[in-house]
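A.B. asks: This one is data_34.pdb, PDB, C-alpha atoms.
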```pdb
ATOM      1  CA  SER E  96      17.386  -0.145   8.416  1.00  0.00           C
ATOM      2  CA  LEU E  97      18.538   1.348   5.146  1.00  0.00           C
ATOM      3  CA  ILE E  98      16.546   2.474   2.140  1.00  0.00           C
ATOM      4  CA  ASP E  99      18.038   4.752  -0.498  1.00  0.00           C
ATOM      5  CA  ILE E 100      15.108   6.380  -2.313  1.00  0.00           C
ATOM      6  CA  GLN E 101      15.943   7.638  -5.796  1.00  0.00           C
ATOM      7  CA  TYR E 102      12.411   8.746  -6.776  1.00  0.00           C
ATOM      8  CA  MET E 103       8.795   8.129  -5.796  1.00  0.00           C
ATOM      9  CA  HIS E 104       5.341   8.526  -7.256  1.00  0.00           C
ATOM     10  CA  GLY E 105       1.903   8.808  -5.725  1.00  0.00           C
ATOM     11  CA  LEU E 106      -1.199   7.036  -6.899  1.00  0.00           C
ATOM     12  CA  ASN E 107      -0.648   5.837 -10.452  1.00  0.00           C
ATOM     13  CA  LYS E 108      -3.841   4.719 -12.240  1.00  0.00           C
ATOM     14  CA  SER E 109      -3.220   2.654 -15.378  1.00  0.00           C
ATOM     15  CA  PRO E 110      -6.594   1.935 -17.015  1.00  0.00           C
ATOM     16  CA  SER E 111      -5.020   1.067 -20.360  1.00  0.00           C
ATOM     17  CA  MET E 112      -2.757  -1.681 -18.985  1.00  0.00           C
ATOM     18  CA  LYS E 113      -4.126  -5.161 -19.503  1.00  0.00           C
ATOM     19  CA  CYS E 114      -4.551  -6.987 -16.202  1.00  0.00           C
ATOM     20  CA  GLY E 115      -2.451 -10.137 -15.904  1.00  0.00           C
ATOM     21  CA  TYR E 116      -5.179 -11.856 -13.876  1.00  0.00           C
ATOM     22  CA  CYS E 117      -8.485 -11.165 -15.659  1.00  0.00           C
ATOM     23  CA  GLY E 118      -7.139  -9.839 -18.973  1.00  0.00           C
ATOM     24  CA  GLY E 119      -9.158  -6.623 -18.590  1.00  0.00           C
ATOM     25  CA  LYS E 120     -12.502  -8.473 -18.694  1.00  0.00           C
ATOM     26  CA  LYS E 121     -13.763  -7.144 -15.359  1.00  0.00           C
ATOM     27  CA  GLU E 122     -15.629  -3.901 -14.821  1.00  0.00           C
ATOM     28  CA  ASN E 123     -13.247  -0.955 -14.310  1.00  0.00           C
ATOM     29  CA  PRO E 124     -10.132  -2.782 -15.607  1.00  0.00           C
ATOM     30  CA  GLY E 125      -6.690  -1.518 -14.728  1.00  0.00           C
ATOM     31  CA  SER E 126      -4.522  -1.077 -11.687  1.00  0.00           C
ATOM     32  CA  SER E 127      -3.494   1.645  -9.266  1.00  0.00           C
ATOM     33  CA  SER E 128      -0.288   1.698  -7.269  1.00  0.00           C
ATOM     34  CA  TRP E 129       2.242   3.750  -5.350  1.00  0.00           C
ATOM     35  CA  GLY E 130       5.935   3.252  -5.970  1.00  0.00           C
ATOM     36  CA  ILE E 131       9.499   4.223  -5.158  1.00  0.00           C
ATOM     37  CA  GLY E 132      12.825   3.667  -6.854  1.00  0.00           C
ATOM     38  CA  ALA E 133      15.202   2.225  -4.293  1.00  0.00           C
ATOM     39  CA  PRO E 134      18.583   1.080  -5.617  1.00  0.00           C
ATOM     40  CA  ARG E 135      19.696   0.184  -2.065  1.00  0.00           C
ATOM     41  CA  LEU E 136      17.459  -1.623   0.390  1.00  0.00           C
ATOM     42  CA  ASP E 137      18.728  -3.729   3.291  1.00  0.00           C
ATOM     43  CA  THR E 138      17.219  -7.147   3.941  1.00  0.00           C
ATOM     44  CA  ALA E 139      15.397  -6.162   7.148  1.00  0.00           C
ATOM     45  CA  MET E 140      13.631  -3.241   5.413  1.00  0.00           C
ATOM     46  CA  TYR E 141      12.878  -5.397   2.360  1.00  0.00           C
ATOM     47  CA  GLU E 142      11.290  -8.092   4.557  1.00  0.00           C
ATOM     48  CA  GLU E 143       9.239  -5.494   6.454  1.00  0.00           C
ATOM     49  CA  MET E 144       7.935  -3.930   3.244  1.00  0.00           C
ATOM     50  CA  MET E 145       7.041  -7.323   1.742  1.00  0.00           C
ATOM     51  CA  ASN E 146       5.145  -8.206   4.931  1.00  0.00           C
ATOM     52  CA  ARG E 147       3.178  -4.952   4.571  1.00  0.00           C
ATOM     53  CA  GLY E 148       2.084  -5.691   1.011  1.00  0.00           C
ATOM     54  CA  TRP E 149       4.790  -3.941  -1.014  1.00  0.00           C
ATOM     55  CA  ARG E 150       6.257  -5.756  -4.030  1.00  0.00           C
ATOM     56  CA  ARG E 151       9.519  -5.359  -5.934  1.00  0.00           C
ATOM     57  CA  CYS E 152      10.650  -5.488  -9.526  1.00  0.00           C
ATOM     58  CA  GLY E 153      14.395  -4.791  -9.705  1.00  0.00           C
ATOM     59  CA  THR E 154      14.963  -1.481  -7.907  1.00  0.00           C
ATOM     60  CA  TYR E 155      11.298  -0.426  -8.222  1.00  0.00           C
ATOM     61  CA  ILE E 156       9.161  -1.074  -5.122  1.00  0.00           C
ATOM     62  CA  TYR E 157       5.388  -0.662  -5.412  1.00  0.00           C
ATOM     63  CA  LYS E 158       2.122  -1.264  -3.578  1.00  0.00           C
ATOM     64  CA  TYR E 159      -1.240  -1.782  -5.237  1.00  0.00           C
ATOM     65  CA  ASP E 160      -4.327   0.200  -4.287  1.00  0.00           C
ATOM     66  CA  PHE E 161      -6.772  -2.705  -4.098  1.00  0.00           C
ATOM     67  CA  GLU E 162      -9.862  -0.458  -4.049  1.00  0.00           C
ATOM     68  CA  GLN E 163      -8.960   1.066  -7.428  1.00  0.00           C
ATOM     69  CA  SER E 164      -7.591  -2.041  -9.145  1.00  0.00           C
ATOM     70  CA  CYS E 165      -9.728  -4.646 -10.911  1.00  0.00           C
ATOM     71  CA  CYS E 166      -7.931  -7.679  -9.410  1.00  0.00           C
ATOM     72  CA  GLN E 167      -5.882  -8.308  -6.311  1.00  0.00           C
ATOM     73  CA  PRO E 168      -2.393  -9.567  -7.177  1.00  0.00           C
ATOM     74  CA  TYR E 169      -1.144 -12.662  -5.399  1.00  0.00           C
ATOM     75  CA  ALA E 170       2.259 -12.845  -3.779  1.00  0.00           C
ATOM     76  CA  ILE E 171       3.994 -16.181  -4.069  1.00  0.00           C
ATOM     77  CA  ARG E 172       6.882 -16.766  -1.710  1.00  0.00           C
ATOM     78  CA  LEU E 173       8.764 -19.996  -1.263  1.00  0.00           C
ATOM     79  CA  ASN E 174      11.678 -21.339   0.683  1.00  0.00           C
ATOM     80  CA  VAL E 175      14.431 -21.756  -1.911  1.00  0.00           C
ATOM     81  CA  ASP E 176      16.222 -24.327   0.248  1.00  0.00           C
ATOM     82  CA  GLU E 177      13.171 -26.621   0.115  1.00  0.00           C
ATOM     83  CA  PHE E 178      12.133 -26.023  -3.514  1.00  0.00           C
ATOM     84  CA  GLN E 179      12.461 -28.938  -5.924  1.00  0.00           C
ATOM     85  CA  ILE E 180      11.896 -28.319  -9.627  1.00  0.00           C
ATOM     86  CA  SER E 181       9.374 -30.611 -11.293  1.00  0.00           C
ATOM     87  CA  ALA E 182       9.775 -32.297 -14.679  1.00  0.00           C
ATOM     88  CA  SER E 183       7.235 -29.926 -16.290  1.00  0.00           C
ATOM     89  CA  GLN E 184       9.075 -26.870 -14.933  1.00  0.00           C
ATOM     90  CA  LYS E 185      12.328 -28.127 -16.454  1.00  0.00           C
ATOM     91  CA  LYS E 186      10.695 -28.078 -19.905  1.00  0.00           C
ATOM     92  CA  VAL E 187       9.861 -24.361 -19.717  1.00  0.00           C
TER
END
```
Please go through the file and, once you have read it, give me the structure as C-alpha coordinates.
C.D. replies:
Amino acid sequence: SLIDIQYMHGLNKSPSMKCGYCGGKKENPGSSSWGIGAPRLDTAMYEEMMNRGWRRCGTYIYKYDFEQSCCQPYAIRLNVDEFQISASQKKV
(Lines of atoms letter the chains of each structure in order from A and count residues from 1; the text may use other names and numbers.)
(Lines give C-alpha, C1' and ligand atoms only; values in the text may rest on other atoms or scores of the structure.)
Protein backbone atom coordinates (compact mmCIF):
# COMPACT_ATOMS: atom_id res chain seq x y z
CA SER A 1 0.00 0.00 0.00
CA LEU A 2 1.14 3.51 -0.78
CA ILE A 3 0.48 6.75 1.04
CA ASP A 4 2.58 9.85 0.43
CA ILE A 5 2.13 12.09 3.48
CA GLN A 6 2.87 15.76 2.84
CA TYR A 7 1.86 17.08 6.29
CA MET A 8 -0.23 16.06 9.29
CA HIS A 9 -1.90 17.66 12.27
CA GLY A 10 -3.03 16.33 15.62
CA LEU A 11 -6.30 17.09 17.31
CA ASN A 12 -7.79 20.21 15.75
CA LYS A 13 -10.69 21.73 17.74
CA SER A 14 -12.78 24.22 15.77
CA PRO A 15 -15.40 25.70 18.12
CA SER A 16 -16.06 28.67 15.86
CA MET A 17 -16.98 26.59 12.80
CA LYS A 18 -20.70 26.23 12.27
CA CYS A 19 -21.76 22.59 12.27
CA GLY A 20 -23.32 21.45 9.00
CA TYR A 21 -25.69 19.11 10.87
CA CYS A 22 -27.11 21.09 13.81
CA GLY A 23 -26.02 24.60 12.77
CA GLY A 24 -24.22 25.10 16.10
CA LYS A 25 -27.45 24.81 18.12
CA LYS A 26 -26.24 21.96 20.33
CA GLU A 27 -24.31 22.31 23.56
CA ASN A 28 -20.54 22.51 22.95
CA PRO A 29 -20.83 23.22 19.19
CA GLY A 30 -17.88 22.61 16.92
CA SER A 31 -15.80 19.73 15.68
CA SER A 32 -12.48 18.06 16.42
CA SER A 33 -10.44 16.07 13.95
CA TRP A 34 -7.06 14.67 13.00
CA GLY A 35 -5.79 15.05 9.46
CA ILE A 36 -3.05 14.43 6.93
CA GLY A 37 -2.24 15.84 3.53
CA ALA A 38 -1.75 12.94 1.16
CA PRO A 39 -1.33 13.85 -2.52
CA ARG A 40 -0.79 10.16 -3.39
CA LEU A 41 -2.90 7.38 -1.93
CA ASP A 42 -3.45 4.01 -3.60
CA THR A 43 -6.94 2.54 -3.80
CA ALA A 44 -6.33 -0.26 -1.29
CA MET A 45 -5.10 2.20 1.37
CA TYR A 46 -7.93 4.62 0.57
CA GLU A 47 -10.53 1.85 1.00
CA GLU A 48 -8.94 0.73 4.29
CA MET A 49 -8.94 4.27 5.69
CA MET A 50 -12.56 4.87 4.65
CA ASN A 51 -13.57 1.61 6.35
CA ARG A 52 -11.86 2.84 9.54
CA GLY A 53 -13.77 6.12 9.62
CA TRP A 54 -11.39 8.46 7.80
CA ARG A 55 -12.84 10.87 5.22
CA ARG A 56 -11.30 12.73 2.29
CA CYS A 57 -11.61 16.14 0.72
CA GLY A 58 -9.21 16.40 -2.23
CA THR A 59 -5.76 15.50 -0.91
CA TYR A 60 -6.74 16.16 2.73
CA ILE A 61 -7.68 13.05 4.74
CA TYR A 62 -9.25 13.53 8.17
CA LYS A 63 -10.98 11.68 11.00
CA TYR A 64 -13.42 13.24 13.44
CA ASP A 65 -13.07 12.90 17.20
CA PHE A 66 -16.68 12.04 17.99
CA GLU A 67 -16.30 12.64 21.74
CA GLN A 68 -15.28 16.27 21.18
CA SER A 69 -17.59 17.10 18.27
CA CYS A 70 -21.21 18.20 18.65
CA CYS A 71 -22.58 15.93 15.88
CA GLN A 72 -21.45 12.72 14.25
CA PRO A 73 -20.97 13.15 10.50
CA TYR A 74 -22.60 10.61 8.22
CA ALA A 75 -20.74 8.92 5.40
CA ILE A 76 -22.76 8.30 2.28
CA ARG A 77 -21.34 5.80 -0.16
CA LEU A 78 -23.05 4.50 -3.25
CA ASN A 79 -22.34 2.21 -6.14
CA VAL A 80 -21.88 4.54 -9.11
CA ASP A 81 -22.72 1.75 -11.56
CA GLU A 82 -26.19 1.37 -10.00
CA PHE A 83 -26.96 5.06 -9.35
CA GLN A 84 -29.76 6.63 -11.36
CA ILE A 85 -30.30 10.39 -11.12
CA SER A 86 -33.83 11.47 -10.24
CA ALA A 87 -35.77 14.31 -11.88
CA SER A 88 -35.35 16.53 -8.79
CA GLN A 89 -31.58 15.95 -8.76
CA LYS A 90 -31.36 17.02 -12.40
CA LYS A 91 -32.85 20.41 -11.46
CA VAL A 92 -30.08 21.20 -8.96
A.B. asks: Residue by residue, what does the PyMOL selection byres ((chain E and resi 152-154) around 9) grab here? Present the result as an mmCIF file with C-alpha atoms, in the frame of the given file.
C.D. replies:
```
data_model
loop_
_atom_site.group_PDB
_atom_site.id
_atom_site.type_symbol
_atom_site.label_atom_id
_atom_site.label_comp_id
_atom_site.auth_asym_id
_atom_site.auth_seq_id
_atom_site.Cartn_x
_atom_site.Cartn_y
_atom_site.Cartn_z
ATOM 1 C CA ILE E 131 9.499 4.223 -5.158
ATOM 2 C CA GLY E 132 12.825 3.667 -6.854
ATOM 3 C CA ALA E 133 15.202 2.225 -4.293
ATOM 4 C CA PRO E 134 18.583 1.080 -5.617
ATOM 5 C CA ARG E 135 19.696 0.184 -2.065
ATOM 6 C CA LEU E 136 17.459 -1.623 0.390
ATOM 7 C CA ARG E 150 6.257 -5.756 -4.030
ATOM 8 C CA ARG E 151 9.519 -5.359 -5.934
ATOM 9 C CA TYR E 155 11.298 -0.426 -8.222
ATOM 10 C CA ILE E 156 9.161 -1.074 -5.122
ATOM 11 C CA TYR E 157 5.388 -0.662 -5.412
#
```
A.B. asks: Please measure the separation of atom CA of E:Ser164 and atom CA of E:Asp137, giving the value in Å to one decimal.
C.D. replies: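 Separation between atom CA of E:Ser164 and atom CA of E:Asp137: 29.2 Å.
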A.B. asks: Can you work out which one of E:Cys117, E:Ile180, E:Glu142, E:Trp149 has the shortest atom-to-atom distance to E:Gly130, counting all atoms listed in the file?
C.D. replies: E:Trp149
A.B. asks: Provide the atom CA of E:Lys120 to atom CA of E:Phe161 distance in Å, to one decimal place.
C.D. replies: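 One can read the atom CA of E:Lys120 to atom CA of E:Phe161 distance as 16.7 Å.
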A.B. asks: Could you tell me how far atom CA of E:Gly125 lies from atom CA of E:Tyr169, in Å and to one decimal?
C.D. replies: 15.6 Å
A.B. asks: Please return the centre and edge lengths, in Å to one decimal, of a box with edges along x, y and z that contains all listed atoms of stretch 170-180 of chain E, widened by 4 Å on every side, as lines of an AutoDock Vina configuration file.
C.D. replies:
```
center_x = 9.2
center_y = -20.9
center_z = -4.5
size_x = 22.0
size_y = 24.1
size_z = 18.3
```
A.B. asks: Can you turn the PyMOL selection byres ((chain E and resi 172) around 12) into a concrete residue list for this file, as a count of residues only?
C.D. replies: 12
